[in-house]
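Reviewing the structure listed below.
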Amino acid sequence: MFTIIGLGNPGDEYSKSRHNVGWMTLDEIHKQYDFSDWKEKKGVKAELSTGTIGKKKVTLVKPMTFMNKSGDAVGKLIKRAKQHEDVVVISDDLDIPLGSIKIMFNRGSGGHRGVESVIRGLKSEAFVRIKIGLTPTTATGKLKKPKGDDAVMKFVIKAFRPDEEKVVKKTVKRTVEAVEVMLNEGRPKAMSLYNN
């Protein structure tokens with residue numbers, strides 16, 4: 001059984017924010033494949049849905065804590081170390097250009113506080129991360145990242161601009177494709193096809 005965790009913030013005001021692209025991806029998986037209705041898990045601040053992607057059984061998880069506390073829910077759901085390799089965490093990333101994704105395994109948080117919280121909750125880095133790029137680029141391809149903690153926070157909790165939304169919808173669909181390839185054909189194949 002694979003567990004796919006989308007990172008985001010609960011509440012309608014955040015539903016279309018850049019920080020919630022992990023949840024957006026789970027919603028797209030939920031829509032494209034045969035999954036049960038979302039249900040709250042008792043004793044765990046998370047919503048879960050179960051189904052299949054290709055031939056693999058999957059649980060989708062939306063932690064209902066705020067981003068920086070995501071690991072509280074994840075740690076209660078994933079208790080055995082041998083489950084870690086079947087965990088996929090989908091999150092936003094400021095160090096990747098808008099429209100790009102990056103699949104990694106057994107790596108650190110890269111400064112992402114939600115991912116840091118998951119690492120603490122699992123007491124391990126031995127899970128898959130799919131990072132979805134948020135940052136616009138200049139004409140030469142240089143990232144136009146916000147500078148300073150306040151600017152970063154304002155940027156990530158704002159909704160995507162209309163021109164960015166089109167790019168994000170395509171990126172989310174590519175991420176879903178990457179998940180299917182990874183689950184059914186393996187991590188190396190998905191990394192070779194989708195890391196850009």
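Just so we're on the same page: first chain in the structure tokens is A, next is B, and so on; residues restart at 1 for each chain, and ligands are numbered from 1 in the order they show up.
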Report as a JSON list (two decimals) with N, CA and C atoms, in the first residue's frame all protein, DNA and RNA residues lying within 7 Å of Thr137 in chain A, evaluated on only C-alpha atoms, omitting residues in the same chain fewer than 6 positions from it.
```json
[["chain", "number", "residue", "atom", "x", "y", "z"],
["A", 97, "PRO", "N", 11.72, 26.29, -10.78],
["A", 97, "PRO", "CA", 10.90, 27.19, -11.60],
["A", 97, "PRO", "C", 9.45, 26.71, -11.73],
["A", 143, "LEU", "N", 15.74, 32.40, -11.51],
["A", 143, "LEU", "CA", 14.58, 32.43, -10.62],
["A", 143, "LEU", "C", 14.34, 33.82, -10.04],
["A", 144, "LYS", "N", 13.08, 34.24, -10.00],
["A", 144, "LYS", "CA", 12.71, 35.53, -9.40],
["A", 144, "LYS", "C", 12.08, 35.26, -8.03]]
```
Handout entry: Surrounding residues of Lys170 in chain A excluding itself and chain neighbours under 5 positions, 9 Å, only C-alpha atoms, as a PyMOL selection string
Key = chain A and resi 99+165+175
Applying 9 Å and only C-alpha atoms, which residues near range 182-185 of chain A remain after dropping the ones on its own chain fewer than 6 positions away? List them as an mmCIF file with N, CA and C atoms, in the first residue's frame.
```cif
data_model
loop_
_atom_site.group_PDB
_atom_site.id
_atom_site.type_symbol
_atom_site.label_atom_id
_atom_site.label_comp_id
_atom_site.auth_asym_id
_atom_site.auth_seq_id
_atom_site.Cartn_x
_atom_site.Cartn_y
_atom_site.Cartn_z
ATOM 1 N N PHE A 2 0.687 2.113 -0.992
ATOM 2 C CA PHE A 2 1.403 3.382 -1.049
ATOM 3 C C PHE A 2 0.586 4.452 -0.331
ATOM 4 N N ILE A 53 -4.150 3.201 -8.284
ATOM 5 C CA ILE A 53 -3.533 3.873 -9.428
ATOM 6 C C ILE A 53 -2.824 2.775 -10.196
ATOM 7 N N GLY A 54 -3.315 2.491 -11.406
ATOM 8 C CA GLY A 54 -2.811 1.323 -12.117
ATOM 9 C C GLY A 54 -3.173 0.089 -11.312
ATOM 10 N N LYS A 55 -2.158 -0.686 -10.926
ATOM 11 C CA LYS A 55 -2.407 -1.895 -10.135
ATOM 12 C C LYS A 55 -2.075 -1.720 -8.658
ATOM 13 N N LYS A 56 -1.708 -0.503 -8.275
ATOM 14 C CA LYS A 56 -1.249 -0.287 -6.900
ATOM 15 C C LYS A 56 -2.339 0.316 -6.022
ATOM 16 N N ASP A 86 7.402 3.516 0.799
ATOM 17 C CA ASP A 86 6.149 3.598 0.038
ATOM 18 C C ASP A 86 5.369 4.876 0.350
ATOM 19 N N MET A 191 11.897 9.306 -12.373
ATOM 20 C CA MET A 191 12.891 10.383 -12.277
ATOM 21 C C MET A 191 13.461 10.719 -13.649
#
```
Fill in the blank from the handout: Restricting to only C-alpha atoms, whichever of A:Met64, A:Val115, A:Val181, A:Val152 is closest to Asn9 in chain A is A:Met64
Output as a Markdown table one row per residue of range 110-152 of chain A within 7 Å of range 67-71 of chain A: the closest atom pair and its distance in Å to one decimal place, counting only C-alpha atoms, sorted by chain and residue number ascending.
```
| residue | atom | partner | partner_atom | distance |
| --- | --- | --- | --- | --- |
| A:Arg113 | CA | A:Asn68 | CA | 5.3 |
| A:Gly114 | CA | A:Asn68 | CA | 4.6 |
| A:Ser117 | CA | A:Gly71 | CA | 4.5 |
| A:Val118 | CA | A:Gly71 | CA | 3.8 |
| A:Ile119 | CA | A:Gly71 | CA | 6.9 |
| A:Arg120 | CA | A:Gly71 | CA | 6.4 |
| A:Gly121 | CA | A:Gly71 | CA | 4.3 |
```
